[in-house]
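A.B. asks: My structure is in start_11.pdb, and what it holds is PDB, N, CA and C atoms:
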MODEL        1
ATOM      1  N   GLU R   3      -0.467  16.982 -48.251
ATOM      2  CA  GLU R   3      -1.577  16.334 -48.928
ATOM      3  C   GLU R   3      -2.666  17.327 -49.310
ATOM      4  N   THR R   4      -2.896  18.308 -48.457
ATOM      5  CA  THR R   4      -3.938  19.291 -48.742
ATOM      6  C   THR R   4      -3.599  20.096 -49.983
ATOM      7  N   MET R   5      -2.367  20.559 -50.074
ATOM      8  CA  MET R   5      -1.976  21.346 -51.238
ATOM      9  C   MET R   5      -2.011  20.491 -52.497
ATOM     10  N   LYS R   6      -1.651  19.221 -52.368
ATOM     11  CA  LYS R   6      -1.689  18.316 -53.521
ATOM     12  C   LYS R   6      -3.124  18.131 -54.000
ATOM     13  N   ALA R   7      -4.069  18.061 -53.061
ATOM     14  CA  ALA R   7      -5.473  17.880 -53.425
ATOM     15  C   ALA R   7      -6.069  19.157 -54.036
ATOM     16  N   ALA R   8      -5.582  20.309 -53.612
ATOM     17  CA  ALA R   8      -6.163  21.574 -54.067
ATOM     18  C   ALA R   8      -5.524  22.119 -55.332
ATOM     19  N   PHE R   9      -4.233  21.882 -55.498
ATOM     20  CA  PHE R   9      -3.509  22.484 -56.623
ATOM     21  C   PHE R   9      -2.816  21.417 -57.446
ATOM     22  N   LYS R  10      -2.916  21.552 -58.742
ATOM     23  CA  LYS R  10      -2.246  20.637 -59.664
ATOM     24  C   LYS R  10      -0.936  21.280 -60.120
ATOM     25  N   VAL R  11       0.089  21.187 -59.268
ATOM     26  CA  VAL R  11       1.394  21.762 -59.589
ATOM     27  C   VAL R  11       2.476  20.711 -59.341
ATOM     28  N   ASN R  12       3.678  21.059 -59.727
ATOM     29  CA  ASN R  12       4.835  20.189 -59.597
ATOM     30  C   ASN R  12       5.022  19.758 -58.139
ATOM     31  N   GLU R  13       5.353  18.501 -57.930
ATOM     32  CA  GLU R  13       5.567  17.945 -56.584
ATOM     33  C   GLU R  13       6.677  18.686 -55.837
ATOM     34  N   ASN R  14       7.738  19.063 -56.538
ATOM     35  CA  ASN R  14       8.841  19.790 -55.890
ATOM     36  C   ASN R  14       8.389  21.149 -55.370
ATOM     37  N   LEU R  15       7.500  21.811 -56.106
ATOM     38  CA  LEU R  15       6.966  23.093 -55.666
ATOM     39  C   LEU R  15       6.108  22.920 -54.414
ATOM     40  N   LEU R  16       5.344  21.847 -54.360
ATOM     41  CA  LEU R  16       4.535  21.559 -53.175
ATOM     42  C   LEU R  16       5.410  21.299 -51.953
ATOM     43  N   ILE R  17       6.490  20.558 -52.130
ATOM     44  CA  ILE R  17       7.416  20.277 -51.027
ATOM     45  C   ILE R  17       8.066  21.565 -50.550
ATOM     46  N   LEU R  18       8.463  22.406 -51.489
ATOM     47  CA  LEU R  18       9.058  23.690 -51.135
ATOM     48  C   LEU R  18       8.077  24.541 -50.328
ATOM     49  N   ALA R  19       6.845  24.622 -50.773
ATOM     50  CA  ALA R  19       5.827  25.413 -50.074
ATOM     51  C   ALA R  19       5.535  24.832 -48.693
ATOM     52  N   ALA R  20       5.434  23.504 -48.600
ATOM     53  CA  ALA R  20       5.151  22.857 -47.316
ATOM     54  C   ALA R  20       6.298  23.030 -46.336
ATOM     55  N   THR R  21       7.491  23.202 -46.823
ATOM     56  CA  THR R  21       8.649  23.435 -45.966
ATOM     57  C   THR R  21       8.773  24.907 -45.603
ATOM     58  N   PHE R  22       8.537  25.774 -46.569
ATOM     59  CA  PHE R  22       8.737  27.206 -46.386
ATOM     60  C   PHE R  22       7.670  27.857 -45.499
ATOM     61  N   LEU R  23       6.402  27.461 -45.658
ATOM     62  CA  LEU R  23       5.324  28.103 -44.910
ATOM     63  C   LEU R  23       5.497  28.030 -43.393
ATOM     64  N   PRO R  24       5.738  26.859 -42.797
ATOM     65  CA  PRO R  24       5.918  26.825 -41.344
ATOM     66  C   PRO R  24       7.130  27.634 -40.869
ATOM     67  N   VAL R  25       8.210  27.599 -41.639
ATOM     68  CA  VAL R  25       9.401  28.372 -41.281
ATOM     69  C   VAL R  25       9.068  29.867 -41.313
ATOM     70  N   MET R  26       8.339  30.283 -42.339
ATOM     71  CA  MET R  26       7.952  31.680 -42.448
ATOM     72  C   MET R  26       7.020  32.088 -41.309
ATOM     73  N   GLU R  27       6.069  31.237 -40.947
ATOM     74  CA  GLU R  27       5.152  31.543 -39.852
ATOM     75  C   GLU R  27       5.911  31.717 -38.533
ATOM     76  N   ILE R  28       6.843  30.833 -38.265
ATOM     77  CA  ILE R  28       7.632  30.922 -37.030
ATOM     78  C   ILE R  28       8.497  32.180 -37.037
ATOM     79  N   ALA R  29       9.129  32.463 -38.170
ATOM     80  CA  ALA R  29       9.979  33.656 -38.270
ATOM     81  C   ALA R  29       9.150  34.923 -38.057
ATOM     82  N   LEU R  30       7.983  34.996 -38.668
ATOM     83  CA  LEU R  30       7.129  36.171 -38.493
ATOM     84  C   LEU R  30       6.666  36.312 -37.046
ATOM     85  N   GLY R  31       6.307  35.200 -36.422
ATOM     86  CA  GLY R  31       5.908  35.228 -35.018
ATOM     87  C   GLY R  31       7.030  35.736 -34.125
ATOM     88  N   LEU R  32       8.238  35.254 -34.372
ATOM     89  CA  LEU R  32       9.391  35.721 -33.589
ATOM     90  C   LEU R  32       9.665  37.202 -33.838
ATOM     91  N   MET R  33       9.539  37.620 -35.082
ATOM     92  CA  MET R  33       9.749  39.029 -35.399
ATOM     93  C   MET R  33       8.751  39.911 -34.645
ATOM     94  N   LEU R  34       7.510  39.466 -34.576
ATOM     95  CA  LEU R  34       6.504  40.238 -33.859
ATOM     96  C   LEU R  34       6.774  40.241 -32.357
ATOM     97  N   LEU R  35       7.120  39.084 -31.809
ATOM     98  CA  LEU R  35       7.404  39.001 -30.375
ATOM     99  C   LEU R  35       8.618  39.834 -29.973
ATOM    100  N   LEU R  36       9.626  39.822 -30.820
ATOM    101  CA  LEU R  36      10.862  40.543 -30.521
ATOM    102  C   LEU R  36      10.866  41.980 -31.062
ATOM    103  N   LYS R  37       9.755  42.372 -31.671
ATOM    104  CA  LYS R  37       9.589  43.717 -32.231
ATOM    105  C   LYS R  37      10.693  44.071 -33.227
ATOM    106  N   ILE R  38      10.925  43.146 -34.157
ATOM    107  CA  ILE R  38      11.903  43.342 -35.220
ATOM    108  C   ILE R  38      11.140  43.637 -36.508
ATOM    109  N   GLN R  39      11.386  44.796 -37.095
ATOM    110  CA  GLN R  39      10.706  45.226 -38.324
ATOM    111  C   GLN R  39       9.206  44.946 -38.231
ATOM    112  N   THR R  40       8.598  45.499 -37.204
ATOM    113  CA  THR R  40       7.207  45.207 -36.867
ATOM    114  C   THR R  40       6.242  45.512 -38.005
ATOM    115  N   LYS R  41       6.413  46.643 -38.675
ATOM    116  CA  LYS R  41       5.473  46.993 -39.751
ATOM    117  C   LYS R  41       5.501  45.973 -40.883
ATOM    118  N   LYS R  42       6.709  45.588 -41.291
ATOM    119  CA  LYS R  42       6.827  44.592 -42.370
ATOM    120  C   LYS R  42       6.285  43.239 -41.926
ATOM    121  N   ALA R  43       6.569  42.863 -40.679
ATOM    122  CA  ALA R  43       6.087  41.578 -40.159
ATOM    123  C   ALA R  43       4.559  41.571 -40.070
ATOM    124  N   LEU R  44       3.970  42.677 -39.632
ATOM    125  CA  LEU R  44       2.507  42.768 -39.552
ATOM    126  C   LEU R  44       1.875  42.706 -40.937
ATOM    127  N   LEU R  45       2.458  43.412 -41.886
ATOM    128  CA  LEU R  45       1.923  43.395 -43.246
ATOM    129  C   LEU R  45       2.008  41.992 -43.842
ATOM    130  N   THR R  46       3.159  41.360 -43.705
ATOM    131  CA  THR R  46       3.350  40.020 -44.248
ATOM    132  C   THR R  46       2.424  39.020 -43.569
ATOM    133  N   THR R  47       2.270  39.121 -42.264
ATOM    134  CA  THR R  47       1.392  38.209 -41.527
ATOM    135  C   THR R  47      -0.061  38.430 -41.922
ATOM    136  N   THR R  48      -0.449  39.675 -42.141
ATOM    137  CA  THR R  48      -1.817  39.956 -42.576
ATOM    138  C   THR R  48      -2.088  39.317 -43.935
ATOM    139  N   VAL R  49      -1.158  39.464 -44.858
ATOM    140  CA  VAL R  49      -1.313  38.854 -46.190
ATOM    141  C   VAL R  49      -1.377  37.326 -46.059
ATOM    142  N   LEU R  50      -0.521  36.759 -45.225
ATOM    143  CA  LEU R  50      -0.498  35.310 -45.030
ATOM    144  C   LEU R  50      -1.816  34.819 -44.431
ATOM    145  N   PHE R  51      -2.304  35.488 -43.389
ATOM    146  CA  PHE R  51      -3.557  35.070 -42.755
ATOM    147  C   PHE R  51      -4.743  35.269 -43.697
ATOM    148  N   PHE R  52      -4.711  36.327 -44.497
ATOM    149  CA  PHE R  52      -5.775  36.522 -45.481
ATOM    150  C   PHE R  52      -5.761  35.383 -46.498
ATOM    151  N   SER R  53      -4.567  34.971 -46.916
ATOM    152  CA  SER R  53      -4.442  33.851 -47.858
ATOM    153  C   SER R  53      -5.000  32.567 -47.243
ATOM    154  N   PHE R  54      -4.689  32.326 -45.968
ATOM    155  CA  PHE R  54      -5.227  31.141 -45.292
ATOM    156  C   PHE R  54      -6.754  31.194 -45.227
ATOM    157  N   PHE R  55      -7.290  32.373 -44.958
ATOM    158  CA  PHE R  55      -8.745  32.540 -44.883
ATOM    159  C   PHE R  55      -9.386  32.242 -46.239
ATOM    160  N   VAL R  56      -8.836  32.819 -47.294
ATOM    161  CA  VAL R  56      -9.370  32.586 -48.646
ATOM    162  C   VAL R  56      -9.222  31.115 -49.028
ATOM    163  N   PHE R  57      -8.083  30.503 -48.680
ATOM    164  CA  PHE R  57      -7.865  29.095 -49.005
ATOM    165  C   PHE R  57      -8.859  28.201 -48.266
ATOM    166  N   SER R  58      -9.209  28.541 -47.034
ATOM    167  CA  SER R  58     -10.170  27.718 -46.296
ATOM    168  C   SER R  58     -11.546  27.775 -46.962
ATOM    169  N   ILE R  59     -11.922  28.942 -47.463
ATOM    170  CA  ILE R  59     -13.193  29.054 -48.191
ATOM    171  C   ILE R  59     -13.104  28.283 -49.504
ATOM    172  N   TYR R  60     -11.998  28.438 -50.212
ATOM    173  CA  TYR R  60     -11.784  27.722 -51.479
ATOM    174  C   TYR R  60     -11.862  26.207 -51.260
ATOM    175  N   GLY R  61     -11.242  25.714 -50.191
ATOM    176  CA  GLY R  61     -11.265  24.285 -49.901
ATOM    177  C   GLY R  61     -12.659  23.749 -49.692
ATOM    178  N   ILE R  62     -13.493  24.523 -49.022
ATOM    179  CA  ILE R  62     -14.880  24.098 -48.817
ATOM    180  C   ILE R  62     -15.645  24.123 -50.127
ATOM    181  N   VAL R  63     -15.426  25.172 -50.922
ATOM    182  CA  VAL R  63     -16.138  25.311 -52.199
ATOM    183  C   VAL R  63     -15.821  24.144 -53.135
ATOM    184  N   ILE R  64     -14.546  23.729 -53.212
ATOM    185  CA  ILE R  64     -14.191  22.634 -54.123
ATOM    186  C   ILE R  64     -14.408  21.262 -53.481
ATOM    187  N   GLY R  65     -14.797  21.253 -52.208
ATOM    188  CA  GLY R  65     -15.142  19.993 -51.553
ATOM    189  C   GLY R  65     -13.969  19.217 -50.981
ATOM    190  N   LEU R  66     -12.925  19.894 -50.544
ATOM    191  CA  LEU R  66     -11.810  19.197 -49.912
ATOM    192  C   LEU R  66     -12.284  18.581 -48.601
ATOM    193  N   ASN R  67     -11.941  17.332 -48.417
ATOM    194  CA  ASN R  67     -12.329  16.641 -47.197
ATOM    195  C   ASN R  67     -11.093  15.965 -46.605
ATOM    196  N   VAL R  68     -10.052  16.762 -46.377
ATOM    197  CA  VAL R  68      -8.806  16.248 -45.820
ATOM    198  C   VAL R  68      -8.407  17.100 -44.621
ATOM    199  N   ASP R  69      -7.578  16.517 -43.769
ATOM    200  CA  ASP R  69      -7.024  17.263 -42.649
ATOM    201  C   ASP R  69      -5.908  18.135 -43.209
ATOM    202  N   CYS R  70      -5.950  19.433 -42.933
ATOM    203  CA  CYS R  70      -4.949  20.342 -43.506
ATOM    204  C   CYS R  70      -3.583  20.159 -42.867
ATOM    205  N   GLY R  71      -3.517  19.541 -41.699
ATOM    206  CA  GLY R  71      -2.237  19.326 -41.039
ATOM    207  C   GLY R  71      -1.689  20.580 -40.392
ATOM    208  N   CYS R  72      -2.536  21.567 -40.203
ATOM    209  CA  CYS R  72      -2.094  22.856 -39.660
ATOM    210  C   CYS R  72      -1.455  22.736 -38.282
ATOM    211  N   PHE R  73      -1.918  21.816 -37.487
ATOM    212  CA  PHE R  73      -1.415  21.660 -36.123
ATOM    213  C   PHE R  73      -0.772  20.295 -35.914
ATOM    214  N   GLY R  74      -0.279  19.713 -36.983
ATOM    215  CA  GLY R  74       0.339  18.394 -36.889
ATOM    216  C   GLY R  74      -0.701  17.356 -36.512
ATOM    217  N   GLY R  75      -0.290  16.406 -35.699
ATOM    218  CA  GLY R  75      -1.209  15.367 -35.264
ATOM    219  C   GLY R  75      -1.939  15.719 -33.978
ATOM    220  N   ALA R  76      -1.635  16.886 -33.401
ATOM    221  CA  ALA R  76      -2.211  17.255 -32.107
ATOM    222  C   ALA R  76      -3.701  17.572 -32.202
ATOM    223  N   ILE R  77      -4.107  18.261 -33.254
ATOM    224  CA  ILE R  77      -5.493  18.686 -33.411
ATOM    225  C   ILE R  77      -5.948  18.352 -34.814
ATOM    226  N   LYS R  78      -7.100  17.696 -34.922
ATOM    227  CA  LYS R  78      -7.666  17.438 -36.244
ATOM    228  C   LYS R  78      -8.206  18.747 -36.791
ATOM    229  N   SER R  79      -7.802  19.078 -38.001
ATOM    230  CA  SER R  79      -8.166  20.372 -38.571
ATOM    231  C   SER R  79      -8.615  20.207 -40.009
ATOM    232  N   GLY R  80      -9.822  19.684 -40.173
ATOM    233  CA  GLY R  80     -10.368  19.500 -41.503
ATOM    234  C   GLY R  80     -11.063  20.756 -41.991
ATOM    235  N   PHE R  81     -11.367  20.789 -43.275
ATOM    236  CA  PHE R  81     -12.057  21.931 -43.853
ATOM    237  C   PHE R  81     -13.497  21.946 -43.360
ATOM    238  N   GLY R  82     -13.968  23.126 -43.023
ATOM    239  CA  GLY R  82     -15.330  23.295 -42.534
ATOM    240  C   GLY R  82     -15.483  24.680 -41.942
ATOM    241  N   ILE R  83     -16.628  24.902 -41.327
ATOM    242  CA  ILE R  83     -16.916  26.212 -40.756
ATOM    243  C   ILE R  83     -15.950  26.544 -39.624
ATOM    244  N   THR R  84     -15.481  25.526 -38.901
ATOM    245  CA  THR R  84     -14.529  25.761 -37.810
ATOM    246  C   THR R  84     -13.235  26.361 -38.353
ATOM    247  N   MET R  85     -12.758  25.838 -39.474
ATOM    248  CA  MET R  85     -11.526  26.360 -40.067
ATOM    249  C   MET R  85     -11.724  27.800 -40.538
ATOM    250  N   ILE R  86     -12.864  28.083 -41.148
ATOM    251  CA  ILE R  86     -13.135  29.443 -41.615
ATOM    252  C   ILE R  86     -13.183  30.403 -40.432
ATOM    253  N   LEU R  87     -13.881  30.011 -39.368
ATOM    254  CA  LEU R  87     -13.976  30.881 -38.192
ATOM    255  C   LEU R  87     -12.619  31.081 -37.529
ATOM    256  N   ARG R  88     -11.816  30.022 -37.445
ATOM    257  CA  ARG R  88     -10.477  30.145 -36.857
ATOM    258  C   ARG R  88      -9.610  31.103 -37.675
ATOM    259  N   ASN R  89      -9.623  30.942 -38.996
ATOM    260  CA  ASN R  89      -8.831  31.822 -39.852
ATOM    261  C   ASN R  89      -9.351  33.261 -39.833
ATOM    262  N   LEU R  90     -10.664  33.427 -39.740
ATOM    263  CA  LEU R  90     -11.240  34.763 -39.624
ATOM    264  C   LEU R  90     -10.821  35.407 -38.303
ATOM    265  N   PHE R  91     -10.819  34.636 -37.221
ATOM    266  CA  PHE R  91     -10.384  35.140 -35.919
ATOM    267  C   PHE R  91      -8.919  35.579 -35.976
ATOM    268  N   LEU R  92      -8.057  34.728 -36.534
ATOM    269  CA  LEU R  92      -6.636  35.072 -36.631
ATOM    270  C   LEU R  92      -6.419  36.306 -37.503
ATOM    271  N   LEU R  93      -7.156  36.408 -38.592
ATOM    272  CA  LEU R  93      -7.057  37.576 -39.465
ATOM    273  C   LEU R  93      -7.502  38.836 -38.725
ATOM    274  N   THR R  94      -8.586  38.728 -37.963
ATOM    275  CA  THR R  94      -9.075  39.862 -37.179
ATOM    276  C   THR R  94      -8.049  40.298 -36.142
ATOM    277  N   VAL R  95      -7.429  39.343 -35.466
ATOM    278  CA  VAL R  95      -6.420  39.659 -34.448
ATOM    279  C   VAL R  95      -5.239  40.390 -35.081
ATOM    280  N   ILE R  96      -4.751  39.916 -36.208
ATOM    281  CA  ILE R  96      -3.571  40.546 -36.808
ATOM    282  C   ILE R  96      -3.918  41.928 -37.361
ATOM    283  N   ILE R  97      -5.121  42.114 -37.877
ATOM    284  CA  ILE R  97      -5.533  43.450 -38.327
ATOM    285  C   ILE R  97      -5.639  44.385 -37.120
ATOM    286  N   TRP R  98      -6.190  43.895 -36.023
ATOM    287  CA  TRP R  98      -6.268  44.697 -34.796
ATOM    288  C   TRP R  98      -4.864  45.078 -34.319
ATOM    289  N   LEU R  99      -3.942  44.121 -34.345
ATOM    290  CA  LEU R  99      -2.560  44.417 -33.951
ATOM    291  C   LEU R  99      -1.934  45.470 -34.861
ATOM    292  N   ALA R 100      -2.232  45.404 -36.140
ATOM    293  CA  ALA R 100      -1.692  46.397 -37.079
ATOM    294  C   ALA R 100      -2.241  47.779 -36.765
ATOM    295  N   ILE R 101      -3.523  47.859 -36.437
ATOM    296  CA  ILE R 101      -4.137  49.152 -36.100
ATOM    297  C   ILE R 101      -3.555  49.686 -34.800
ATOM    298  N   VAL R 102      -3.460  48.836 -33.788
ATOM    299  CA  VAL R 102      -2.900  49.249 -32.499
ATOM    300  C   VAL R 102      -1.446  49.672 -32.672
ATOM    301  N   ASN R 103      -0.686  48.920 -33.453
ATOM    302  CA  ASN R 103       0.726  49.257 -33.687
ATOM    303  C   ASN R 103       0.857  50.607 -34.371
ATOM    304  N   LYS R 104      -0.006  50.886 -35.334
ATOM    305  CA  LYS R 104       0.058  52.172 -36.040
ATOM    306  C   LYS R 104      -0.227  53.318 -35.070
ATOM    307  N   LYS R 105      -1.233  53.149 -34.205
ATOM    308  CA  LYS R 105      -1.550  54.191 -33.224
ATOM    309  C   LYS R 105      -0.405  54.349 -32.238
ATOM    310  N   PHE R 106       0.189  53.237 -31.829
ATOM    311  CA  PHE R 106       1.286  53.287 -30.867
ATOM    312  C   PHE R 106       2.501  53.983 -31.460
ATOM    313  N   VAL R 107       2.842  53.636 -32.690
ATOM    314  CA  VAL R 107       4.014  54.220 -33.346
ATOM    315  C   VAL R 107       3.786  55.704 -33.583
ATOM    316  N   SER R 108       2.580  56.096 -34.046
ATOM    317  CA  SER R 108       2.322  57.515 -34.328
ATOM    318  C   SER R 108       2.281  58.343 -33.054
ATOM    319  N   ALA R 109       1.941  57.742 -31.912
ATOM    320  CA  ALA R 109       1.909  58.476 -30.647
ATOM    321  C   ALA R 109       3.303  58.854 -30.183
ATOM    322  N   TRP R 110       4.309  58.104 -30.578
ATOM    323  CA  TRP R 110       5.692  58.336 -30.141
ATOM    324  C   TRP R 110       6.507  59.154 -31.135
ATOM    325  N   GLN R 111       5.901  59.531 -32.242
ATOM    326  CA  GLN R 111       6.646  60.305 -33.255
ATOM    327  C   GLN R 111       6.512  61.792 -33.034
TER     328      GLN R 111
ENDMDL
END
Show me this structure written as structure tokens.
C.D. replies:
Amino acid sequence: ETMKAAFKVNENLLILAATFLPVMEIALGLMLLLKIQTKKALLTTTVLFFSFFVFSIYGIVIGLNVDCGCFGGAIKSGFGITMILRNLFLLTVIIWLAIVNKKFVSAWQ
């Protein structure tokens, strides 16, 4: 519903994105936990989290007043300062992980 409210695109494209995003998030998380292609996973996760951060700001600017459904029915997650701060925190964590990973990898080379 959030993507439908924010973007005027084909319904099939919205369904594809709504299906693909959670699968991609889980796959990236597993890749990071299992240390599989860590650099690519960190880069992709950083881009994804940056996109979420920008989208949360965009949603507030255009006045979206819907639950994004980010956490299913467990947690209400509407657009607002809380969403921006959460996405900023996640973006900061993944950037920190990328920096730490780079230092760790270069120390062993």
A.B. asks: Using Å and a single decimal, report how far atom C of Leu93 (chain R) sits from atom N of Ser53 (chain R).
C.D. replies: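 It comes out at 9.5 Å.
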A.B. asks: Which distance in Å separates CA of Gly82 (chain R) and CA of Ser58 (chain R), to one decimal?
C.D. replies: 7.8 Å
A.B. asks: Please determine, counting only C-alpha atoms, which residue among R:Ile97, R:Ile38, R:Val56, R:Leu18 has the shortest atom-to-atom distance to Met85 (chain R).
C.D. replies: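 Checking each of R:Ile97, R:Ile38, R:Val56, R:Leu18 against Met85 (chain R), counting only C-alpha atoms, the winner is R:Val56.
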A.B. asks: Quote the spacing between CA of Gln39 (chain R) and atom C of Leu16 (chain R) in Å to one decimal place.
C.D. replies: 28.0 Å
A.B. asks: Hey, which of R:Leu23, R:Leu87, R:Ile59, R:Leu30 ends up closest to Leu45 (chain R)? Count only C-alpha atoms.
C.D. replies: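 That would be R:Leu30, the residue with the smallest distance to Leu45 (chain R).
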A.B. asks: Neighbours of Thr94 (chain R) within 10 Å (only C-alpha atoms; same-chain residues fewer than 5 positions away dropped), as a PyMOL selection string?
C.D. replies: chain R and resi 48+51-52+88-89+99-100
A.B. asks: Will you give me region 31-48 of chain R, written with N, CA, C and O atoms and laid out as a CSV table (one decimal), in the first residue's frame?
C.D. replies:
chain,number,residue,atom,x,y,z
R,31,GLY,N,21.2,-10.1,4.6
R,31,GLY,CA,21.5,-10.4,6.0
R,31,GLY,C,22.2,-11.7,6.2
R,31,GLY,O,23.2,-11.8,7.0
R,32,LEU,N,21.8,-12.7,5.5
R,32,LEU,CA,22.4,-14.0,5.6
R,32,LEU,C,23.8,-14.0,5.1
R,32,LEU,O,24.8,-14.6,5.6
R,33,MET,N,24.0,-13.3,4.0
R,33,MET,CA,25.3,-13.1,3.4
R,33,MET,C,26.3,-12.5,4.4
R,33,MET,O,27.5,-12.9,4.5
R,34,LEU,N,25.8,-11.4,5.0
R,34,LEU,CA,26.7,-10.8,6.0
R,34,LEU,C,27.0,-11.7,7.2
R,34,LEU,O,28.1,-11.7,7.7
R,35,LEU,N,26.0,-12.3,7.7
R,35,LEU,CA,26.2,-13.2,8.9
R,35,LEU,C,27.1,-14.4,8.5
R,35,LEU,O,27.9,-14.8,9.4
R,36,LEU,N,27.0,-14.9,7.3
R,36,LEU,CA,27.8,-16.1,6.9
R,36,LEU,C,29.1,-15.7,6.2
R,36,LEU,O,29.9,-16.5,5.8
R,37,LYS,N,29.3,-14.3,6.2
R,37,LYS,CA,30.5,-13.8,5.5
R,37,LYS,C,30.7,-14.3,4.1
R,37,LYS,O,31.8,-14.7,3.7
R,38,ILE,N,29.7,-14.2,3.3
R,38,ILE,CA,29.7,-14.6,1.9
R,38,ILE,C,29.7,-13.3,1.1
R,38,ILE,O,28.8,-12.5,1.2
R,39,GLN,N,30.7,-13.2,0.3
R,39,GLN,CA,30.9,-12.0,-0.6
R,39,GLN,C,30.6,-10.7,0.2
R,39,GLN,O,29.7,-9.9,-0.1
R,40,THR,N,31.3,-10.5,1.3
R,40,THR,CA,31.0,-9.5,2.3
R,40,THR,C,31.0,-8.1,1.7
R,40,THR,O,30.2,-7.3,1.9
R,41,LYS,N,32.0,-7.8,0.8
R,41,LYS,CA,32.1,-6.5,0.3
R,41,LYS,C,30.9,-6.1,-0.6
R,41,LYS,O,30.3,-5.0,-0.5
R,42,LYS,N,30.5,-7.1,-1.4
R,42,LYS,CA,29.3,-6.8,-2.3
R,42,LYS,C,28.1,-6.7,-1.5
R,42,LYS,O,27.2,-5.9,-1.7
R,43,ALA,N,27.9,-7.5,-0.4
R,43,ALA,CA,26.8,-7.5,0.4
R,43,ALA,C,26.7,-6.2,1.2
R,43,ALA,O,25.6,-5.6,1.3
R,44,LEU,N,27.9,-5.7,1.7
R,44,LEU,CA,27.9,-4.4,2.4
R,44,LEU,C,27.5,-3.3,1.5
R,44,LEU,O,26.8,-2.4,1.9
R,45,LEU,N,28.1,-3.3,0.3
R,45,LEU,CA,27.8,-2.2,-0.7
R,45,LEU,C,26.3,-2.2,-1.0
R,45,LEU,O,25.6,-1.2,-1.0
R,46,THR,N,25.7,-3.4,-1.3
R,46,THR,CA,24.3,-3.5,-1.7
R,46,THR,C,23.4,-3.1,-0.5
R,46,THR,O,22.5,-2.3,-0.7
R,47,THR,N,23.8,-3.5,0.7
R,47,THR,CA,23.0,-3.1,1.9
R,47,THR,C,23.1,-1.6,2.1
R,47,THR,O,22.1,-1.0,2.5
R,48,THR,N,24.2,-1.0,1.9
R,48,THR,CA,24.4,0.4,2.1
R,48,THR,C,23.5,1.2,1.1
R,48,THR,O,22.8,2.1,1.5
